[in-house]
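Student: Input file: work-v8.tsv. Contents: TSV, C-alpha atoms.
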chain	number	residue	atom	x	y	z
I	1	MET	CA	110.18	19.80	107.48
I	2	ASN	CA	111.52	23.30	107.27
I	3	ARG	CA	110.21	26.00	105.11
I	4	ARG	CA	113.08	25.83	102.62
I	5	SER	CA	112.46	22.11	101.97
I	6	ILE	CA	108.81	22.67	101.38
I	7	LEU	CA	109.59	25.42	98.94
I	8	GLY	CA	112.12	23.21	97.23
I	9	ILE	CA	109.66	20.38	96.83
I	10	SER	CA	107.03	22.78	95.60
I	11	ALA	CA	109.42	24.10	93.01
I	12	VAL	CA	110.35	20.63	91.81
I	13	THR	CA	106.71	19.62	91.69
I	14	ALA	CA	105.85	22.71	89.72
I	15	LEU	CA	108.70	22.07	87.29
I	16	GLY	CA	107.70	18.46	86.94
I	17	LEU	CA	104.16	19.35	86.15
I	18	THR	CA	105.34	21.93	83.66
I	19	VAL	CA	107.93	19.83	81.90
I	20	LEU	CA	106.17	16.51	81.63
I	21	PRO	CA	103.21	17.61	79.52
I	22	GLY	CA	105.59	19.63	77.37
I	23	SER	CA	107.85	16.72	76.51
I	24	ALA	CA	104.88	14.46	75.94
I	25	VAL	CA	103.54	16.96	73.44
I	26	ALA	CA	106.93	17.20	71.75
I	27	GLN	CA	107.01	13.45	71.24
I	28	GLN	CA	103.53	13.46	69.81
I	29	LYS	CA	104.12	16.32	67.40
I	30	SER	CA	102.83	15.48	63.96
I	31	ILE	CA	105.27	15.37	61.07
I	32	LYS	CA	103.64	18.46	59.67
I	33	GLU	CA	104.23	20.35	62.90
I	34	GLN	CA	107.83	19.21	62.85
I	35	ILE	CA	108.60	20.28	59.29
I	36	VAL	CA	107.00	23.75	59.36
I	37	GLY	CA	109.65	26.41	58.99
I	38	THR	CA	112.75	26.83	56.87
I	39	TRP	CA	115.34	24.19	56.02
I	40	THR	CA	118.65	24.84	54.33
I	41	PHE	CA	120.16	22.52	51.77
I	42	VAL	CA	122.89	20.07	52.77
I	43	SER	CA	123.04	17.57	49.93
I	44	ALA	CA	121.09	15.61	47.35
I	45	LEU	CA	122.43	12.57	45.57
I	46	ASP	CA	120.93	11.17	42.39
I	47	VAL	CA	120.70	7.40	42.61
I	48	HIS	CA	121.32	5.95	39.17
I	49	PRO	CA	119.74	2.66	38.03
I	50	ASP	CA	123.09	0.90	38.52
I	51	GLY	CA	123.25	2.10	42.12
I	52	ARG	CA	125.80	4.85	41.61
I	53	LYS	CA	125.13	7.95	43.69
I	54	VAL	CA	125.95	11.16	41.88
I	55	ASP	CA	126.17	14.63	43.35
I	56	ARG	CA	124.99	16.95	40.62
I	57	TRP	CA	125.06	20.05	42.83
I	58	GLY	CA	128.85	20.38	43.02
I	59	PRO	CA	130.80	22.11	45.76
I	60	ASN	CA	129.14	24.53	48.16
I	61	PRO	CA	125.55	24.28	46.89
I	62	LYS	CA	122.84	26.45	48.42
I	63	GLY	CA	119.17	25.85	48.91
I	64	THR	CA	116.11	26.49	50.98
I	65	PHE	CA	112.93	24.49	51.58
I	66	MET	CA	110.19	26.47	53.28
I	67	PHE	CA	106.99	24.99	54.66
I	68	ASP	CA	104.53	27.47	56.10
I	69	GLY	CA	101.81	26.66	58.62
I	70	ASN	CA	99.09	27.23	56.02
I	71	GLY	CA	100.14	24.41	53.71
I	72	ARG	CA	102.32	26.32	51.25
I	73	PHE	CA	105.86	25.38	50.28
I	74	ALA	CA	108.74	26.85	48.30
I	75	GLN	CA	111.86	24.90	47.37
I	76	PHE	CA	115.10	26.08	45.80
I	77	ILE	CA	118.51	24.52	45.19
I	78	THR	CA	121.38	25.97	43.20
I	79	ARG	CA	124.89	25.05	42.25
I	80	SER	CA	127.35	27.68	43.38
I	81	ASP	CA	129.00	28.02	39.96
I	82	LEU	CA	126.19	29.35	37.77
I	83	PRO	CA	127.76	31.67	35.19
I	84	LYS	CA	127.21	35.39	35.53
I	85	PHE	CA	125.96	36.52	32.15
I	86	ALA	CA	128.48	38.37	30.03
I	87	ALA	CA	125.69	40.75	29.03
I	88	LYS	CA	124.19	43.21	31.48
I	89	THR	CA	120.58	42.08	31.11
I	90	VAL	CA	118.84	38.75	31.48
I	91	ASP	CA	117.38	38.82	27.96
I	92	GLN	CA	120.89	38.76	26.45
I	93	GLY	CA	122.00	35.41	27.83
I	94	THR	CA	123.84	33.04	25.51
I	95	ALA	CA	122.51	29.54	24.88
I	96	ALA	CA	125.24	28.14	27.12
I	97	GLU	CA	124.46	30.58	29.94
I	98	ASN	CA	120.73	29.85	29.82
I	99	LYS	CA	121.36	26.13	29.78
I	100	ALA	CA	123.75	26.29	32.74
I	101	VAL	CA	121.24	28.22	34.82
I	102	LEU	CA	118.40	25.78	34.25
I	103	ALA	CA	120.58	22.71	34.73
I	104	GLY	CA	122.00	24.11	37.95
I	105	PHE	CA	118.95	25.60	39.65
I	106	VAL	CA	115.64	24.20	40.84
I	107	GLY	CA	112.89	26.42	42.15
I	108	SER	CA	109.25	25.51	42.72
I	109	PHE	CA	106.36	26.65	44.87
I	110	GLY	CA	102.84	25.49	45.62
I	111	THR	CA	100.97	23.63	48.33
I	112	TYR	CA	101.86	20.59	50.39
I	113	THR	CA	100.27	18.00	52.61
I	114	VAL	CA	101.77	15.40	54.90
I	115	THR	CA	100.58	11.82	55.08
I	116	GLU	CA	101.44	10.99	58.64
I	117	ALA	CA	100.82	7.26	58.36
I	118	ASP	CA	103.41	6.55	55.65
I	119	LYS	CA	105.62	9.57	56.45
I	120	THR	CA	105.40	11.25	53.09
I	121	ILE	CA	105.37	14.89	52.10
I	122	ILE	CA	103.30	15.52	49.00
I	123	THR	CA	103.92	18.77	47.14
I	124	ARG	CA	101.66	20.11	44.42
I	125	VAL	CA	103.60	22.49	42.20
I	126	GLU	CA	101.91	25.71	41.09
I	127	GLY	CA	104.96	27.31	39.54
I	128	SER	CA	108.47	26.16	38.68
I	129	VAL	CA	111.47	27.10	36.60
I	130	PHE	CA	111.10	23.51	35.36
I	131	PRO	CA	107.60	23.95	33.89
I	132	ASN	CA	107.06	20.20	33.46
I	133	LEU	CA	106.49	20.05	37.22
I	134	VAL	CA	103.53	22.44	37.19
I	135	GLY	CA	100.41	20.60	38.30
I	136	VAL	CA	102.45	17.56	39.30
I	137	GLU	CA	102.29	15.94	42.71
I	138	GLN	CA	105.68	14.95	44.08
I	139	LYS	CA	105.95	12.48	46.92
I	140	ARG	CA	108.93	12.55	49.23
I	141	SER	CA	109.36	9.71	51.66
I	142	ILE	CA	110.88	10.77	54.95
I	143	VAL	CA	113.87	8.68	55.93
I	144	SER	CA	114.58	10.50	59.18
I	145	LEU	CA	113.39	13.66	60.88
I	146	THR	CA	114.83	15.37	63.93
I	147	ALA	CA	114.59	18.92	65.21
I	148	ASP	CA	117.66	19.84	63.14
I	149	GLU	CA	117.71	17.50	60.18
I	150	LEU	CA	115.30	16.24	57.51
I	151	LYS	CA	116.22	13.38	55.19
I	152	TYR	CA	113.95	12.08	52.46
I	153	THR	CA	113.98	10.25	49.18
I	154	ASN	CA	112.38	11.71	46.08
I	155	PRO	CA	111.45	8.85	43.73
I	156	ALA	CA	111.10	11.05	40.64
I	157	THR	CA	113.34	14.08	40.27
I	158	SER	CA	113.40	16.52	37.38
I	159	THR	CA	116.43	14.75	35.98
I	160	GLY	CA	114.75	11.37	35.98
I	161	PHE	CA	116.41	9.75	38.98
I	162	THR	CA	115.62	8.90	42.56
I	163	ALA	CA	117.30	11.35	44.91
I	164	GLU	CA	118.36	11.18	48.54
I	165	ALA	CA	118.20	14.63	50.08
I	166	THR	CA	119.34	16.06	53.39
I	167	TRP	CA	118.28	19.44	54.80
I	168	ARG	CA	119.21	21.24	58.00
I	169	ARG	CA	116.89	23.44	60.04
I	170	ALA	CA	117.71	27.10	59.37
I	171	LYS	CA	119.14	28.86	62.40
L	1	MET	CA	96.75	59.24	92.18
L	2	LYS	CA	100.47	58.63	92.51
L	3	ARG	CA	102.84	60.15	90.04
L	4	ARG	CA	103.82	56.76	88.66
L	5	ASP	CA	100.20	55.81	88.02
L	6	THR	CA	99.64	59.08	86.28
L	7	LEU	CA	102.63	58.54	84.05
L	8	ALA	CA	101.50	55.03	83.23
L	9	THR	CA	98.02	56.21	82.41
L	10	THR	CA	99.43	58.92	80.21
L	11	ALA	CA	101.64	56.42	78.38
L	12	VAL	CA	98.73	54.08	77.77
L	13	THR	CA	96.62	56.94	76.56
L	14	LEU	CA	99.34	58.05	74.19
L	15	LEU	CA	99.71	54.55	72.82
L	16	ALA	CA	95.97	54.28	72.36
L	17	LEU	CA	95.94	57.61	70.58
L	18	ALA	CA	98.82	56.55	68.39
L	19	GLY	CA	96.84	53.46	67.47
L	20	VAL	CA	93.88	55.59	66.55
L	21	VAL	CA	95.86	58.25	64.78
L	22	LEU	CA	97.91	55.88	62.64
L	23	PRO	CA	95.42	54.14	60.39
L	24	ALA	CA	96.39	50.49	60.33
L	25	GLY	CA	96.45	50.48	56.56
L	26	THR	CA	99.07	53.09	55.92
L	27	ALA	CA	101.81	52.12	58.35
L	28	ALA	CA	105.12	51.71	56.58
L	29	ALA	CA	106.82	48.33	56.90
L	30	GLN	CA	109.41	49.11	59.54
L	31	THR	CA	110.64	45.71	60.56
L	32	ALA	CA	111.10	42.29	59.08
L	33	ARG	CA	108.21	41.11	61.24
L	34	ASP	CA	105.82	43.22	59.16
L	35	LEU	CA	106.71	41.12	56.12
L	36	VAL	CA	106.57	37.61	57.57
L	37	GLY	CA	104.28	35.37	55.56
L	38	THR	CA	103.58	34.38	51.97
L	39	TRP	CA	102.75	36.94	49.31
L	40	MET	CA	101.44	36.49	45.77
L	41	ASN	CA	102.70	38.66	42.94
L	42	VAL	CA	100.13	41.04	41.49
L	43	SER	CA	102.17	43.33	39.23
L	44	ASN	CA	105.60	43.88	37.66
L	45	ILE	CA	105.79	47.18	35.84
L	46	ASN	CA	109.14	47.94	34.24
L	47	ILE	CA	109.78	51.62	33.67
L	48	ARG	CA	112.26	52.28	30.89
L	49	ALA	CA	114.63	55.19	30.58
L	50	ASP	CA	112.20	56.85	28.13
L	51	GLY	CA	109.36	56.58	30.66
L	52	SER	CA	107.50	53.82	28.85
L	53	ARG	CA	105.96	51.14	31.08
L	54	VAL	CA	106.02	47.44	30.28
L	55	ASP	CA	104.42	44.52	32.09
L	56	THR	CA	107.61	42.48	32.60
L	57	PHE	CA	106.12	39.01	32.80
L	58	GLY	CA	102.98	39.62	30.76
L	59	SER	CA	99.38	38.91	31.68
L	60	ASN	CA	98.53	35.93	33.89
L	61	SER	CA	102.04	35.71	35.26
L	62	LYS	CA	102.37	33.96	38.58
L	63	GLY	CA	104.72	34.60	41.44
L	64	MET	CA	105.23	34.42	45.14
L	65	ILE	CA	107.62	35.52	47.83
L	66	VAL	CA	107.90	34.00	51.28
L	67	PHE	CA	109.42	35.89	54.20
L	68	GLY	CA	110.13	33.42	56.98
L	69	ASN	CA	110.08	34.43	60.63
L	70	ASP	CA	113.66	33.15	60.70
L	71	GLY	CA	115.07	35.85	58.43
L	72	ARG	CA	115.03	33.76	55.26
L	73	TYR	CA	113.16	34.52	52.03
L	74	SER	CA	112.51	32.86	48.69
L	75	THR	CA	110.75	34.06	45.55
L	76	ILE	CA	109.80	32.99	42.04
L	77	THR	CA	107.91	34.87	39.38
L	78	LEU	CA	106.99	33.18	36.09
L	79	SER	CA	105.41	34.27	32.84
L	80	ALA	CA	102.31	32.36	31.83
L	81	ASN	CA	102.75	29.60	29.28
L	82	LEU	CA	106.43	28.85	29.77
L	83	PRO	CA	107.25	25.83	27.61
L	84	LYS	CA	107.48	22.40	29.15
L	85	PHE	CA	110.74	20.69	28.18
L	86	ALA	CA	110.01	18.29	25.32
L	87	SER	CA	112.72	15.97	26.63
L	88	GLY	CA	111.12	15.83	30.07
L	89	ASN	CA	114.54	16.48	31.61
L	90	ARG	CA	115.67	19.93	32.65
L	91	ASN	CA	119.29	19.13	31.76
L	92	THR	CA	118.37	18.70	28.12
L	93	GLY	CA	116.20	21.67	27.23
L	94	THR	CA	116.51	23.05	23.73
L	95	ALA	CA	118.09	26.48	23.30
L	96	GLU	CA	114.61	27.90	22.66
L	97	GLU	CA	113.14	26.28	25.77
L	98	ASN	CA	116.02	27.43	27.97
L	99	LYS	CA	115.84	30.94	26.58
L	100	ALA	CA	112.08	31.22	27.05
L	101	ILE	CA	112.31	30.11	30.68
L	102	VAL	CA	115.35	32.15	31.67
L	103	GLN	CA	113.85	35.27	30.12
L	104	GLY	CA	110.34	34.54	31.40
L	105	SER	CA	111.17	33.94	35.04
L	106	ILE	CA	113.10	35.16	38.03
L	107	ALA	CA	113.80	33.10	41.12
L	108	HIS	CA	116.09	33.74	44.06
L	109	PHE	CA	116.44	33.06	47.75
L	110	GLY	CA	118.55	33.94	50.77
L	111	THR	CA	118.15	36.10	53.88
L	112	TYR	CA	116.48	39.46	54.38
L	113	SER	CA	116.30	42.46	56.67
L	114	VAL	CA	114.35	45.72	56.74
L	115	ALA	CA	115.60	49.18	57.70
L	116	ASP	CA	114.62	52.72	56.75
L	117	LYS	CA	111.81	51.48	54.51
L	118	VAL	CA	114.21	49.43	52.44
L	119	ILE	CA	114.20	45.64	52.27
L	120	THR	CA	117.68	44.19	51.84
L	121	LEU	CA	117.82	40.75	50.26
L	122	LYS	CA	121.12	38.92	50.68
L	123	VAL	CA	120.92	36.62	47.68
L	124	GLU	CA	122.35	33.11	48.09
L	125	GLY	CA	121.13	31.76	44.77
L	126	SER	CA	119.37	33.17	41.74
L	127	THR	CA	118.36	32.35	38.19
L	128	TRP	CA	119.90	35.74	37.48
L	129	PRO	CA	123.38	34.88	38.71
L	130	ALA	CA	124.53	38.51	38.75
L	131	TRP	CA	122.51	38.91	41.95
L	132	THR	CA	123.98	35.88	43.71
L	133	GLY	CA	126.20	36.90	46.60
L	134	THR	CA	124.99	40.52	46.49
L	135	ASP	CA	122.76	42.66	48.69
L	136	GLN	CA	119.67	43.61	46.70
L	137	LYS	CA	117.89	46.73	47.89
L	138	ARG	CA	114.12	46.93	47.54
L	139	PRO	CA	112.88	50.40	48.53
L	140	ILE	CA	109.32	50.10	49.78
L	141	ILE	CA	106.98	52.29	47.73
L	142	SER	CA	103.81	51.46	49.66
L	143	PHE	CA	102.72	49.08	52.40
L	144	THR	CA	99.31	48.47	53.91
L	145	GLY	CA	99.82	45.26	55.85
L	146	ASP	CA	98.24	43.10	53.14
L	147	ASP	CA	99.60	44.88	50.08
L	148	ILE	CA	103.15	45.92	49.40
L	149	LYS	CA	104.93	47.48	46.46
L	150	TRP	CA	108.66	47.98	46.09
L	151	GLY	CA	111.17	49.07	43.47
L	152	VAL	CA	113.82	46.94	41.78
L	153	ALA	CA	116.80	47.81	39.62
L	154	ALA	CA	115.63	45.22	37.13
L	155	SER	CA	117.52	42.33	35.56
L	156	ILE	CA	116.17	43.50	32.21
L	157	GLY	CA	117.36	47.06	32.80
L	158	GLY	CA	115.41	50.08	34.04
L	159	THR	CA	113.39	50.05	37.25
L	160	THR	CA	110.55	47.67	38.01
L	161	GLU	CA	107.74	48.31	40.48
L	162	VAL	CA	106.67	45.00	41.94
L	163	GLY	CA	103.37	44.58	43.77
L	164	TRP	CA	102.35	41.76	46.13
L	165	LYS	CA	99.28	40.72	48.08
L	166	ARG	CA	99.47	38.75	51.30
L	167	VAL	CA	98.10	35.21	51.19
L	168	LYS	CA	95.53	34.68	53.92
Could you render the structure from this file as structure tokens?

Tutor:
Amino acid sequence: MNRRSILGISAVTALGLTVLPGSAVAQQKSIKEQIVGTWTFVSALDVHPDGRKVDRWGPNPKGTFMFDGNGRFAQFITRSDLPKFAAKTVDQGTAAENKAVLAGFVGSFGTYTVTEADKTIITRVEGSVFPNLVGVEQKRSIVSLTADELKYTNPATSTGFTAEATWRRAK
Amino acid sequence: MKRRDTLATTAVTLLALAGVVLPAGTAAAQTARDLVGTWMNVSNINIRADGSRVDTFGSNSKGMIVFGNDGRYSTITLSANLPKFASGNRNTGTAEENKAIVQGSIAHFGTYSVADKVITLKVEGSTWPAWTGTDQKRPIISFTGDDIKWGVAASIGGTTEVGWKRVK
């Protein structure tokens, strides 16, 4: 065996040793480890009792769902057509403007835990622009989770429906 | 000692001195990395044109801002005692409920960057829609690693000084 072959084998062996444990770890990553970071909103459909699926976010919605490593979350979704207030300051909004903002925007923050066994994310809301959620635990059941995409169902949204939501890992 | 070693030693010494000379607590936030983490709101003082100072969200307000290590941020600040919607559905708030919440809160999210002691928030969505799609500048007034204060051209007019404490 010449020197080059030995080096080659050594290199392959070294790579093998390096890669194998890494991929094993990746496969065994907990759900919590997989969701930590920032996700951007793709879609959420309200599932009505009659089975209809309704997109209440309209065209080009925006959103972010952040999970930090310390167990804190922040979630936001907005329609892209919220009205800019005719007045210059936020305390001069009309009834219609105020209503449109709150119907077209969700924003909450608090803490979260993951139940690995039944693949649920449980959020506990500390603050929200929908104050009814404060102190409430929300369970989201993960439908699928990859490095780039998170899909879950939320059985009790702030508009009273089940929702199917899709998020994409922020790049 | 070779010249290169001498230079290296000098560089290390200079760095060490810099570390000693710059007290950790007073370094200005120079990069986005300095901000990464979750911060809780500790103050919102609106300064009116006449110099008067008003606590924008009142006592016991609650707020947070998250700066992700991926360049994204999100924030909400809320007055205490915002009304729960009697209907239980956020689409059907009364005019009074909607007004109290819109005026008693601010929430927005998007991406951020830091340069020349100014945080720039590129707002993707906001409960104050005038900010959506704009670059919001937040000049840093003070930064100590765990405490930060910046200025805002406020959505209620005037300038607001907003203070935050890092969540450990």

Student: Taking only residues of chain I that have an atom at most 7 Å from an atom of chain L, what is each one's shortest atom pair and its distance in Å to one decimal, using only C-alpha atoms, in chain and number order, as a tab-separated table?

Tutor:
residue	atom	partner	partner_atom	distance
I:Lys62	CA	L:Gly125	CA	6.7
I:Thr78	CA	L:Gly125	CA	6.0
I:Leu82	CA	L:Pro129	CA	6.3
I:Pro83	CA	L:Pro129	CA	6.5
I:Lys84	CA	L:Pro129	CA	5.0
I:Thr89	CA	L:Ile156	CA	4.8
I:Val90	CA	L:Ile156	CA	5.5
I:Asp91	CA	L:Gln103	CA	5.5
I:Ala95	CA	L:Ala95	CA	5.6
I:Asn98	CA	L:Asn98	CA	5.6
I:Lys99	CA	L:Asn98	CA	5.8
I:Val101	CA	L:Thr127	CA	6.1
I:Leu102	CA	L:Arg90	CA	6.7
I:Ala103	CA	L:Asn91	CA	4.8
I:Phe105	CA	L:Thr127	CA	6.9
I:Gly107	CA	L:Ala107	CA	6.8
I:Val129	CA	L:Ile101	CA	6.7
I:Phe130	CA	L:Arg90	CA	6.4
I:Pro131	CA	L:Lys84	CA	5.0
I:Asn132	CA	L:Lys84	CA	4.9
I:Ser158	CA	L:Asn89	CA	5.9
I:Thr159	CA	L:Asn89	CA	5.1
I:Gly160	CA	L:Asn89	CA	6.7

Student: Quote the spacing between CA of Leu150 (chain I) and CA of Met40 (chain L) in Å to one decimal place.

Tutor: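 Between CA of Leu150 (chain I) and CA of Met40 (chain L) the gap works out to 27.2 Å.
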
Student: Determine the nearest neighbour of Ala117 (chain I) from the options I:Ala163, I:Leu133, I:Ile142, I:Ala156, counting all atoms listed in the file.

Tutor: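 Selected residue with least distance to Ala117 (chain I): I:Ile142.
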
Student: With 6 Å of padding per side, what axis-aligned box (centre and edge lengths, Å, one decimal) covers all the listed atoms of region 97-111 of chain L? Give it as AutoDock Vina command-line options.

Tutor:
--center_x 114.4 --center_y 31.2 --center_z 39.8 --size_x 20.2 --size_y 21.8 --size_z 40.1

Student: Between CA of Thr162 (chain I) and CA of Arg52 (chain I), what is the distance, to one decimal in Å?

Tutor: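 Taking CA of Thr162 (chain I) as the start and CA of Arg52 (chain I) as the end point, the length is 11.0 Å.
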
Student: Which residue is closest to Ile35 (chain I)? Choose from I:Ala86, I:Val125, I:Val47, I:Ala147 and count all atoms listed in the file.

Tutor: I:Ala147

Student: Considering only C-alpha atoms, can you say which of L:Ala153, L:Ile141, L:Val54, L:Ile148 comes closest to Val42 (chain L)?

Tutor: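 Comparing L:Ala153, L:Ile141, L:Val54, L:Ile148 against Val42 (chain L), the winner is L:Ile148.
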
Student: Which residues come within 6 Å of Thr166 (chain I), counting only C-alpha atoms, excluding same-chain residues fewer than 6 positions away, as a list in words?

Tutor: Val42, Ser43, Leu150 and Lys151 of chain I

Student: Take CA of Asn60 (chain I) and CA of Trp39 (chain I) and report the distance between them in Å, one decimal.

Tutor: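 Going from CA of Asn60 (chain I) over to CA of Trp39 (chain I) covers 15.9 Å.
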
Student: Which one is closest to Thr64 (chain I): I:Val36, I:Leu45, I:Ile122, I:Trp167? Count only C-alpha atoms.

Tutor: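 Counting only C-alpha atoms, the residue closest to Thr64 (chain I) is I:Trp167.
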
Student: I'd like the contact shell of Ser108 (chain I) - 7 Å cut-off, all atoms listed in the file, skipping same-chain residues fewer than 4 positions apart - returned as a PyMOL selection string.

Tutor: chain I and resi 74-76+125+127-129

Student: Nearest to Pro61 (chain I) among I:Gly104, I:Pro155, I:Gly37, I:Pro49, with distances taken over all atoms listed in the file: which residue is it?

Tutor: I:Gly104

Student: Using all atoms listed in the file, pick whichever of I:Glu149, I:Asp81, I:Glu126, I:Glu137 has the shortest atom-to-atom distance to Trp57 (chain I).

Tutor: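 Smallest distance to Trp57 (chain I) is found for I:Asp81.
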
Student: Name the residues within 7 Å of (105.9, 15.5, 50.8), counting only C-alpha atoms in the file's coordinates, and put them as a PyMOL selection string.

Tutor: chain I and resi 112-114+120-123+138-141
